[in-house]
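Peer 1: Sending over coords_18.cif (mmCIF, C-alpha atoms).
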```
data_query
loop_
_atom_site.label_atom_id
_atom_site.label_comp_id
_atom_site.auth_asym_id
_atom_site.auth_seq_id
_atom_site.Cartn_x
_atom_site.Cartn_y
_atom_site.Cartn_z
CA MET A 1 192.15 -50.77 -46.49
CA LEU A 2 189.50 -53.13 -45.21
CA ALA A 3 186.96 -50.29 -45.11
CA ARG A 4 187.73 -49.43 -48.72
CA LEU A 5 187.32 -53.07 -49.76
CA LEU A 6 184.01 -53.32 -47.96
CA LEU A 7 182.83 -50.09 -49.59
CA GLY A 8 183.80 -51.46 -52.98
CA LEU A 9 181.90 -54.68 -52.36
CA LEU A 10 178.88 -52.72 -51.20
CA MET A 11 178.93 -50.57 -54.36
CA MET A 12 179.20 -53.64 -56.60
CA ALA A 13 176.31 -55.29 -54.82
CA SER A 14 174.11 -52.22 -55.15
CA ALA A 15 175.05 -51.82 -58.83
CA THR A 16 174.08 -55.45 -59.50
CA ALA A 17 170.81 -54.93 -57.70
CA ALA A 18 170.09 -51.82 -59.80
CA LEU A 19 170.87 -53.70 -63.01
CA ALA A 20 168.79 -56.67 -62.00
CA ALA A 21 165.75 -54.61 -61.13
CA GLU A 22 163.89 -53.62 -64.31
CA PRO A 23 163.12 -49.96 -63.69
CA LEU A 24 160.15 -49.88 -66.01
CA ALA A 25 157.35 -52.17 -66.99
CA LEU A 26 157.03 -51.36 -70.67
CA PRO A 27 154.15 -52.63 -72.77
CA LYS A 28 155.34 -55.49 -74.98
CA ALA A 29 155.72 -55.01 -78.72
CA LYS A 30 153.31 -56.81 -81.02
CA GLY A 31 153.83 -60.57 -81.04
CA GLY A 32 155.82 -62.12 -83.86
CA THR A 33 157.76 -58.95 -84.57
CA THR A 34 161.48 -58.33 -84.26
CA CYS A 35 162.99 -54.92 -83.66
CA VAL A 36 165.49 -53.56 -86.17
CA GLU A 37 168.29 -53.63 -83.57
CA ALA A 38 169.05 -55.13 -80.16
CA PRO A 39 167.30 -53.42 -77.21
CA ALA A 40 170.55 -51.93 -75.89
CA VAL A 41 171.26 -50.31 -79.28
CA MET A 42 167.70 -49.08 -79.64
CA ARG A 43 167.67 -47.52 -76.18
CA ARG A 44 170.81 -45.57 -76.88
CA ASP A 45 170.62 -44.79 -80.59
CA HIS A 46 166.95 -44.53 -81.61
CA PRO A 47 166.93 -40.70 -81.67
CA ASP A 48 169.94 -40.61 -83.99
CA MET A 49 168.52 -43.33 -86.21
CA LEU A 50 165.24 -41.51 -86.58
CA LYS A 51 166.73 -38.06 -87.04
CA HIS A 52 169.06 -39.28 -89.78
CA GLN A 53 166.30 -41.20 -91.49
CA ARG A 54 163.75 -38.42 -91.45
CA ASP A 55 165.93 -36.20 -93.64
CA GLU A 56 166.71 -38.97 -96.10
CA THR A 57 163.07 -39.91 -96.49
CA MET A 58 161.57 -36.44 -96.44
CA ARG A 59 164.11 -34.50 -98.47
CA LEU A 60 165.61 -37.13 -100.75
CA GLY A 61 162.62 -39.44 -101.09
CA ILE A 62 164.41 -42.61 -99.95
CA ARG A 63 161.75 -45.11 -98.91
CA GLY A 64 161.89 -48.51 -97.26
CA ALA A 65 164.75 -47.77 -94.87
CA LYS A 66 165.35 -49.76 -91.70
CA ALA A 67 164.56 -46.99 -89.23
CA SER A 68 161.00 -45.74 -89.50
CA LEU A 69 158.90 -43.96 -86.91
CA LYS A 70 155.78 -45.36 -88.58
CA GLU A 71 157.04 -48.90 -87.95
CA CYS A 72 157.96 -48.05 -84.33
CA VAL A 73 154.36 -46.99 -83.73
CA ALA A 74 152.96 -49.96 -85.65
CA CYS A 75 154.75 -52.45 -83.38
CA HIS A 76 154.73 -50.66 -80.03
CA SER A 77 151.17 -49.35 -79.89
CA THR A 78 148.82 -51.34 -77.70
CA ALA A 79 145.05 -51.62 -77.89
CA ALA A 80 142.64 -50.63 -75.14
CA ALA A 81 140.03 -53.04 -73.83
CA ASP A 82 137.57 -51.90 -76.50
CA GLY A 83 140.12 -52.55 -79.24
CA ALA A 84 140.87 -48.89 -79.92
CA PRO A 85 144.61 -48.23 -80.33
CA ARG A 86 146.29 -46.25 -77.57
CA ARG A 87 148.73 -43.46 -78.36
CA VAL A 88 152.35 -44.48 -77.79
CA ASP A 89 152.86 -41.15 -75.99
CA ASP A 90 150.05 -41.72 -73.48
CA PRO A 91 151.20 -42.21 -69.87
CA GLY A 92 152.35 -45.78 -69.29
CA GLN A 93 152.61 -46.53 -73.00
CA PHE A 94 155.83 -47.54 -74.72
CA CYS A 95 157.40 -44.20 -75.66
CA GLN A 96 156.07 -42.16 -72.80
CA SER A 97 156.93 -44.50 -69.91
CA CYS A 98 160.64 -44.42 -70.73
CA HIS A 99 160.65 -40.75 -71.68
CA ALA A 100 158.93 -39.87 -68.41
CA TYR A 101 161.53 -41.95 -66.53
CA VAL A 102 164.43 -40.01 -68.09
CA ALA A 103 162.50 -36.69 -68.07
CA VAL A 104 162.78 -36.08 -71.83
CA LYS A 105 159.84 -34.83 -73.86
CA PRO A 106 159.51 -36.42 -77.30
CA ASP A 107 158.21 -33.90 -79.84
CA CYS A 108 157.59 -36.49 -82.55
CA PHE A 109 153.91 -36.95 -81.83
CA GLU A 110 152.92 -33.30 -81.97
CA CYS A 111 152.91 -33.90 -85.73
CA HIS A 112 153.31 -37.64 -86.32
CA ALA A 113 150.48 -40.09 -85.80
CA ALA A 114 150.85 -41.84 -82.43
CA VAL A 115 148.57 -44.72 -83.37
CA PRO A 116 149.04 -47.16 -86.24
CA GLY A 117 147.28 -46.38 -89.50
CA GLN A 118 144.38 -48.39 -90.80
CA LYS A 119 145.31 -50.55 -93.75
CA THR A 120 143.54 -49.43 -96.89
CA ALA A 121 142.60 -51.52 -99.86
CA GLY A 122 144.95 -49.61 -102.16
CA GLY A 123 148.12 -50.46 -100.22
CA ALA A 124 150.03 -49.54 -97.11
CA PRO A 125 148.63 -46.71 -94.98
CA MET B 1 195.51 -59.72 -110.83
CA THR B 2 193.98 -57.11 -113.09
CA GLN B 3 194.63 -53.54 -112.11
CA LEU B 4 191.69 -51.24 -112.81
CA SER B 5 192.55 -47.75 -113.90
CA ARG B 6 190.73 -44.76 -112.42
CA ARG B 7 189.09 -44.26 -115.80
CA GLN B 8 187.75 -47.81 -115.86
CA VAL B 9 186.34 -47.49 -112.37
CA LEU B 10 184.60 -44.24 -113.31
CA LEU B 11 183.15 -45.76 -116.45
CA ALA B 12 181.93 -48.81 -114.54
CA SER B 13 180.25 -46.66 -111.89
CA GLY B 14 178.56 -44.69 -114.67
CA ALA B 15 177.25 -47.93 -116.13
CA VAL B 16 175.86 -48.91 -112.73
CA LEU B 17 174.07 -45.56 -112.52
CA ILE B 18 172.56 -45.99 -115.98
CA VAL B 19 171.38 -49.53 -115.14
CA SER B 20 169.78 -48.38 -111.88
CA ALA B 21 168.01 -45.55 -113.71
CA ALA B 22 166.63 -48.02 -116.23
CA GLU B 23 165.39 -50.27 -113.43
CA ALA B 24 163.77 -47.31 -111.74
CA ALA B 25 161.72 -46.66 -114.85
CA ASP B 26 159.91 -49.99 -114.39
CA SER B 27 158.53 -49.52 -110.92
CA GLN B 28 157.59 -46.02 -109.85
CA SER B 29 160.07 -45.78 -107.00
CA VAL B 30 162.93 -48.02 -105.93
CA ARG B 31 163.17 -48.83 -102.26
CA GLY B 32 166.32 -47.36 -100.78
CA GLN B 33 166.89 -45.07 -103.77
CA PRO B 34 166.35 -41.31 -103.73
CA ALA B 35 163.80 -39.57 -105.94
CA SER B 36 165.25 -39.06 -109.41
CA SER B 37 165.52 -35.86 -111.43
CA ALA B 38 164.89 -38.02 -114.51
CA ARG B 39 161.21 -37.65 -113.60
CA ARG B 40 158.92 -34.72 -113.20
CA TRP B 41 155.55 -35.52 -111.77
CA GLY B 42 152.73 -33.39 -113.06
CA LEU B 43 148.99 -33.07 -113.53
CA LEU B 44 146.86 -32.25 -116.52
CA ILE B 45 143.37 -31.03 -115.66
CA ASP B 46 140.63 -30.84 -118.26
CA THR B 47 138.25 -28.15 -117.02
CA ALA B 48 135.60 -29.20 -119.55
CA LYS B 49 135.07 -32.32 -117.39
CA CYS B 50 135.11 -30.42 -114.09
CA ALA B 51 131.64 -29.55 -112.79
CA ALA B 52 131.23 -26.38 -110.72
CA ASP B 53 129.36 -28.09 -107.90
CA CYS B 54 131.63 -31.14 -107.72
CA THR B 55 134.05 -31.30 -104.78
CA ILE B 56 135.05 -34.96 -105.00
CA CYS B 57 138.77 -34.14 -105.35
CA VAL B 58 138.64 -31.77 -102.37
CA ASP B 59 136.83 -34.33 -100.21
CA ALA B 60 139.19 -37.14 -101.25
CA CYS B 61 142.17 -34.94 -100.35
CA LYS B 62 140.79 -34.15 -96.92
CA ALA B 63 140.10 -37.82 -96.22
CA GLU B 64 143.49 -38.98 -97.48
CA MET B 65 145.44 -36.35 -95.59
CA GLY B 66 143.39 -36.44 -92.40
CA LEU B 67 142.54 -32.74 -92.64
CA THR B 68 140.06 -31.74 -90.01
CA GLY B 69 138.80 -28.19 -89.79
CA HIS B 70 137.28 -25.96 -87.19
CA ASP B 71 134.53 -24.78 -89.52
CA ARG B 72 136.58 -21.65 -90.28
CA PRO B 73 136.94 -21.57 -94.05
CA LEU B 74 139.45 -18.71 -94.03
CA THR B 75 142.05 -20.52 -91.92
CA ASP B 76 141.25 -24.24 -92.07
CA ALA B 77 143.88 -26.32 -93.84
CA GLN B 78 143.08 -26.88 -97.49
CA TYR B 79 145.44 -28.48 -99.98
CA VAL B 80 143.15 -28.27 -103.00
CA ARG B 81 140.28 -25.89 -103.58
CA LYS B 82 137.74 -25.40 -106.31
CA VAL B 83 137.86 -22.06 -108.12
CA ASN B 84 134.87 -21.04 -110.21
CA VAL B 85 135.63 -18.40 -112.83
CA LYS B 86 133.46 -16.44 -115.23
CA ASP B 87 134.36 -14.51 -118.32
CA PRO B 88 132.51 -11.17 -117.83
CA ALA B 89 132.39 -10.52 -121.57
CA SER B 90 130.81 -13.80 -122.66
CA GLY B 91 129.33 -15.07 -119.40
CA HIS B 92 131.15 -18.38 -119.92
CA THR B 93 131.82 -20.07 -116.58
CA HIS B 94 134.05 -22.92 -115.66
CA SER B 95 135.49 -24.53 -112.60
CA LEU B 96 138.92 -25.85 -111.79
CA PRO B 97 140.73 -27.43 -108.87
CA VAL B 98 143.74 -25.42 -107.73
CA MET B 99 146.43 -26.99 -105.59
CA CYS B 100 150.17 -26.53 -105.21
CA GLN B 101 151.36 -26.19 -108.79
CA HIS B 102 154.72 -27.84 -107.99
CA CYS B 103 156.65 -25.14 -109.82
CA ALA B 104 160.07 -25.82 -111.31
CA LYS B 105 161.09 -22.40 -109.92
CA PRO B 106 159.05 -22.26 -106.73
CA PRO B 107 158.94 -18.84 -105.07
CA CYS B 108 158.08 -20.51 -101.74
CA VAL B 109 161.50 -22.17 -101.79
CA ASP B 110 163.24 -18.89 -102.69
CA VAL B 111 161.83 -17.02 -99.70
CA CYS B 112 162.09 -19.73 -97.03
CA PRO B 113 164.61 -18.58 -94.40
CA THR B 114 165.33 -22.08 -93.04
CA GLY B 115 165.30 -24.35 -96.08
CA ALA B 116 162.10 -26.03 -94.92
CA SER B 117 160.30 -25.21 -98.15
CA MET B 118 161.98 -27.47 -100.65
CA LYS B 119 161.71 -29.11 -104.04
CA ARG B 120 162.44 -32.82 -104.35
CA ALA B 121 164.57 -34.06 -107.24
CA ASP B 122 161.44 -35.26 -109.04
CA GLY B 123 159.86 -31.79 -108.88
CA ILE B 124 157.49 -32.30 -105.93
CA VAL B 125 157.49 -29.19 -103.73
CA LEU B 126 157.20 -29.97 -100.01
CA VAL B 127 157.51 -28.40 -96.58
CA ASP B 128 160.01 -30.06 -94.23
CA ARG B 129 158.03 -29.52 -91.04
CA HIS B 130 161.04 -30.60 -88.99
CA ILE B 131 162.69 -27.25 -89.67
CA CYS B 132 159.69 -25.03 -90.55
CA ILE B 133 159.49 -22.14 -88.09
CA GLY B 134 156.02 -21.06 -89.16
CA CYS B 135 157.02 -17.63 -90.54
CA ARG B 136 154.57 -18.03 -93.46
CA TYR B 137 156.78 -16.17 -95.96
CA CYS B 138 156.06 -19.03 -98.38
CA MET B 139 152.32 -18.45 -98.05
CA MET B 140 152.79 -14.82 -99.00
CA ALA B 141 155.17 -15.66 -101.86
CA CYS B 142 152.92 -18.30 -103.45
CA PRO B 143 150.83 -16.73 -106.23
CA TYR B 144 148.44 -19.72 -106.14
CA LYS B 145 147.43 -19.45 -102.46
CA ALA B 146 148.36 -23.12 -102.25
CA ARG B 147 149.60 -23.34 -98.68
CA SER B 148 147.86 -23.44 -95.34
CA PHE B 149 149.04 -22.84 -91.80
CA ALA B 150 148.21 -25.11 -88.88
CA HIS B 151 147.04 -22.61 -86.27
CA GLU B 152 146.06 -25.11 -83.61
CA ALA B 153 147.31 -28.35 -82.10
CA GLN B 154 146.41 -31.18 -84.45
CA THR B 155 144.98 -34.60 -83.73
CA GLY B 156 144.01 -37.52 -85.91
CA GLN B 157 146.98 -37.28 -88.26
CA GLN B 158 147.50 -39.95 -90.87
CA PRO B 159 150.77 -41.91 -90.48
CA HIS B 160 151.86 -40.81 -93.97
CA LEU B 161 151.14 -37.12 -93.37
CA PRO B 162 152.47 -35.63 -90.14
CA ARG B 163 151.05 -32.18 -89.47
CA GLY B 164 151.37 -29.99 -86.42
CA LYS B 165 150.69 -26.61 -84.89
CA GLY B 166 152.85 -23.73 -86.06
CA THR B 167 153.96 -25.15 -89.39
CA VAL B 168 152.96 -24.53 -92.98
CA GLU B 169 151.51 -27.32 -95.08
CA GLY B 170 150.27 -27.85 -98.57
CA CYS B 171 149.59 -30.34 -101.33
CA THR B 172 152.34 -32.97 -101.43
CA LEU B 173 151.09 -34.38 -104.75
CA CYS B 174 150.41 -37.40 -102.47
CA VAL B 175 154.13 -38.13 -102.41
CA HIS B 176 153.52 -41.14 -100.15
CA ARG B 177 151.31 -42.68 -102.84
CA VAL B 178 153.50 -41.60 -105.76
CA ASP B 179 156.51 -43.36 -104.18
CA GLU B 180 154.41 -46.52 -104.00
CA GLY B 181 153.43 -46.22 -107.65
CA ARG B 182 149.88 -45.04 -106.98
CA PRO B 183 148.26 -41.84 -108.31
CA PRO B 184 147.34 -38.96 -105.98
CA ALA B 185 144.08 -39.36 -104.06
CA CYS B 186 142.33 -36.52 -105.96
CA VAL B 187 143.15 -38.07 -109.33
CA GLU B 188 141.99 -41.50 -108.22
CA ALA B 189 138.73 -40.14 -106.78
CA CYS B 190 138.01 -37.98 -109.85
CA ALA B 191 138.49 -41.00 -112.12
CA ALA B 192 136.41 -43.29 -109.92
CA LYS B 193 133.53 -41.03 -108.86
CA ALA B 194 133.54 -38.08 -111.28
CA LYS B 195 134.41 -37.59 -114.93
CA GLY B 196 138.14 -38.25 -114.76
CA ALA B 197 139.18 -34.67 -115.36
CA MET B 198 142.64 -35.15 -113.87
CA LEU B 199 145.58 -36.98 -115.40
CA PHE B 200 148.70 -37.69 -113.38
CA GLY B 201 152.07 -38.74 -114.76
CA ASP B 202 155.70 -38.12 -115.53
CA LEU B 203 156.11 -35.06 -117.78
CA LYS B 204 159.67 -36.10 -118.67
CA ASP B 205 158.69 -39.58 -119.85
CA SER B 206 157.78 -39.02 -123.50
CA SER B 207 155.80 -42.28 -123.59
CA SER B 208 153.53 -41.35 -120.66
CA ASP B 209 149.93 -40.34 -121.32
CA ILE B 210 150.42 -36.90 -119.80
CA ALA B 211 153.57 -36.10 -121.80
CA ARG B 212 151.91 -37.22 -125.04
CA ARG B 213 148.82 -35.14 -124.43
CA VAL B 214 150.84 -32.10 -123.41
CA ALA B 215 152.88 -32.46 -126.60
CA ARG B 216 149.77 -32.90 -128.78
CA GLU B 217 147.08 -30.71 -127.29
CA ALA B 218 146.87 -27.08 -126.21
CA THR B 219 147.39 -26.71 -122.49
CA SER B 220 147.91 -23.70 -120.30
CA ARG B 221 149.24 -22.91 -116.87
CA ILE B 222 147.83 -20.45 -114.40
CA ARG B 223 149.85 -17.24 -114.26
CA ALA B 224 152.27 -18.55 -116.85
CA ASP B 225 153.49 -14.96 -117.13
CA LEU B 226 155.32 -15.38 -113.83
CA GLY B 227 157.65 -17.90 -115.43
CA LEU B 228 157.51 -20.36 -112.53
CA ASP B 229 157.08 -23.38 -114.82
CA PRO B 230 154.33 -25.16 -112.85
CA ALA B 231 153.90 -28.93 -113.21
CA VAL B 232 150.10 -28.57 -113.16
CA ARG B 233 148.59 -27.83 -116.55
CA TYR B 234 145.00 -27.02 -117.44
CA GLN B 235 142.90 -27.34 -120.55
CA GLY B 236 139.94 -25.14 -121.41
CA ILE B 237 140.81 -22.05 -119.42
#
```
Starting from the coordinates I provided, produce the structure as structure tokens.

Peer 2:
Amino acid sequence: MLARLLLGLLMMASATAALAAEPLALPKAKGGTTCVEAPAVMRRDHPDMLKHQRDETMRLGIRGAKASLKECVACHSTAAADGAPRRVDDPGQFCQSCHAYVAVKPDCFECHAAVPGQKTAGGAP
Amino acid sequence: MTQLSRRQVLLASGAVLIVSAAEAADSQSVRGQPASSARRWGLLIDTAKCAADCTICVDACKAEMGLTGHDRPLTDAQYVRKVNVKDPASGHTHSLPVMCQHCAKPPCVDVCPTGASMKRADGIVLVDRHICIGCRYCMMACPYKARSFAHEAQTGQQPHLPRGKGTVEGCTLCVHRVDEGRPPACVEACAAKAKGAMLFGDLKDSSSDIARRVAREATSRIRADLGLDPAVRYQGI
């Protein structure tokens, strides 16, 4: 009985330690921006949000929705020392660091731009 | 408390639909609303204003869409190309840009085994690269040679135009600009830097410039005999 209690305490302590330790050092999003959902929701649900949205935008032509891969990239891309934007799927960058941690390969950026677009005079990129 | 009958609810919802359609007519596209079948986007191209050596529309398209080639004209992606034609009897030559004709009955959509080749409610024919398997049936079915295939891994994509290896692509009628209320890049460039041979607009809106000209002047469509009802019309061919 005592052994079981001790084991339980040990497991709780180790779980707390695991929660407390941030497993990844992710690059920060652009200052002054707020994500569309809380981090816990985004971590769990961002693939579903994007997959649902892509069909609505591409096939039905619904624009201006909350979930947008373009906006993800716009906020989460960082700039190198020379000011050039870094791809979000480069090692250590926002998408790739987490996806490498969980060993999942995101296919998005084989087709989608992984750096923010340049604003043009005529409107949004 | 007033009880609404089923009939009243249906009538009220119909009224809401009519109001939202009327609002949609003001701006080109309503955020959060799907593309409407009340519109049909189209082009009218006056070949008398199109010079044989001018490639401004082609260059504008490549810049807008981020199309980079490998210096292989046969396989490099090309959404619009210039075709120079000559009447052998009279020797009369003229030149015209040919892109996806955004057919009302697109053969590319008929042959697609996955549903990737699709027509939007407003008549714009697109490839859903999420489900394109790269079989290229649509390229063979298209009588206008309008589609290209990405043979190699792509870099430098524009945020508004994802494109990747192993999928088919083609003119989107600049759907990203059209939804913002802007004309396609080729039309804008032709008006700004060339003679303004291209007119873009809603063929179903009888008050639009394009619908009025199509109703008033003689226009023709390439391979009209196929009965595909293209949204791109030409003058002077």

Peer 1: Can you tell me which residues surround stretch 25-29 of chain A at a distance of at most 8 Å, considering only C-alpha atoms, apart from same-chain residues fewer than 4 positions away, and format the answer as a ChimeraX atom specification?

Peer 2: /A:33,75-78,92-94,97-98

Peer 1: For A:Ile62, which of B:Leu44, B:Val58, B:Leu228, B:Ala35 is the closest residue, counting all atoms listed in the file?

Peer 2: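 Using all atoms listed in the file, the shortest distance to A:Ile62 belongs to B:Ala35.
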
Peer 1: Out of B:Gln235, B:Thr114, B:Ser36, B:Ser208, which residue has the shortest atom-to-atom distance to chain A when counting only C-alpha atoms?

Peer 2: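 Residue with the minimum atom-to-atom distance to chain A: B:Ser36.
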
Peer 1: Please indicate the distance in Å from atom CA of B:Arg221 to atom CA of B:Pro88, rounded to one decimal place.

Peer 2: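 The value is 20.5 Å.
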
Peer 1: Run the PyMOL selection byres ((chain A) within 10 of (chain B)) on the file and write out the hits as a ChimeraX atom specification.

Peer 2: /A:51,54-66,69-71,73-74,108-118,122-125

Peer 1: Report the distance between atom CA of A:Glu37 and atom CA of A:Tyr101 in Å, rounded to one decimal place.

Peer 2: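 Interatomic distance, atom CA of A:Glu37 to atom CA of A:Tyr101: 21.7 Å.
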
Peer 1: Report the distance between atom CA of B:Ser148 and atom CA of B:Cys54 in Å, rounded to one decimal place.

Peer 2: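 Taking atom CA of B:Ser148 as the start and atom CA of B:Cys54 as the end point, the length is 21.8 Å.
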
Peer 1: Any idea what's packed within 9 Å of B:Cys57, counting all atoms listed in the file, ignoring anything in its chain fewer than 6 positions away? Could you give it as a VMD selection string?

Peer 2: chain B and resid 80 to 82 97 185 to 190 194

Peer 1: Expand the PyMOL selection byres ((chain B and resi 237) around 12) into the explicit residue set it covers here, and present it as a PyMOL selection string.

Peer 2: chain B and resi 45-50+83-87+92-97+218-223+233-236

Peer 1: Return as a PyMOL selection string the set of residues that the PyMOL selection byres ((chain B and resi 105) around 7) yields on the displayed structure.

Peer 2: chain B and resi 103-104+106-107+228-229

Peer 1: Write the residues you've just listed into a file as an mmCIF file, keeping the file's coordinate frame, and include C-alpha atoms for each of them.

Peer 2:
```cif
data_model
loop_
_atom_site.group_PDB
_atom_site.id
_atom_site.type_symbol
_atom_site.label_atom_id
_atom_site.label_comp_id
_atom_site.auth_asym_id
_atom_site.auth_seq_id
_atom_site.Cartn_x
_atom_site.Cartn_y
_atom_site.Cartn_z
ATOM 1 C CA CYS B 103 156.650 -25.140 -109.820
ATOM 2 C CA ALA B 104 160.070 -25.820 -111.310
ATOM 3 C CA PRO B 106 159.050 -22.260 -106.730
ATOM 4 C CA PRO B 107 158.940 -18.840 -105.070
ATOM 5 C CA LEU B 228 157.510 -20.360 -112.530
ATOM 6 C CA ASP B 229 157.080 -23.380 -114.820
#
```
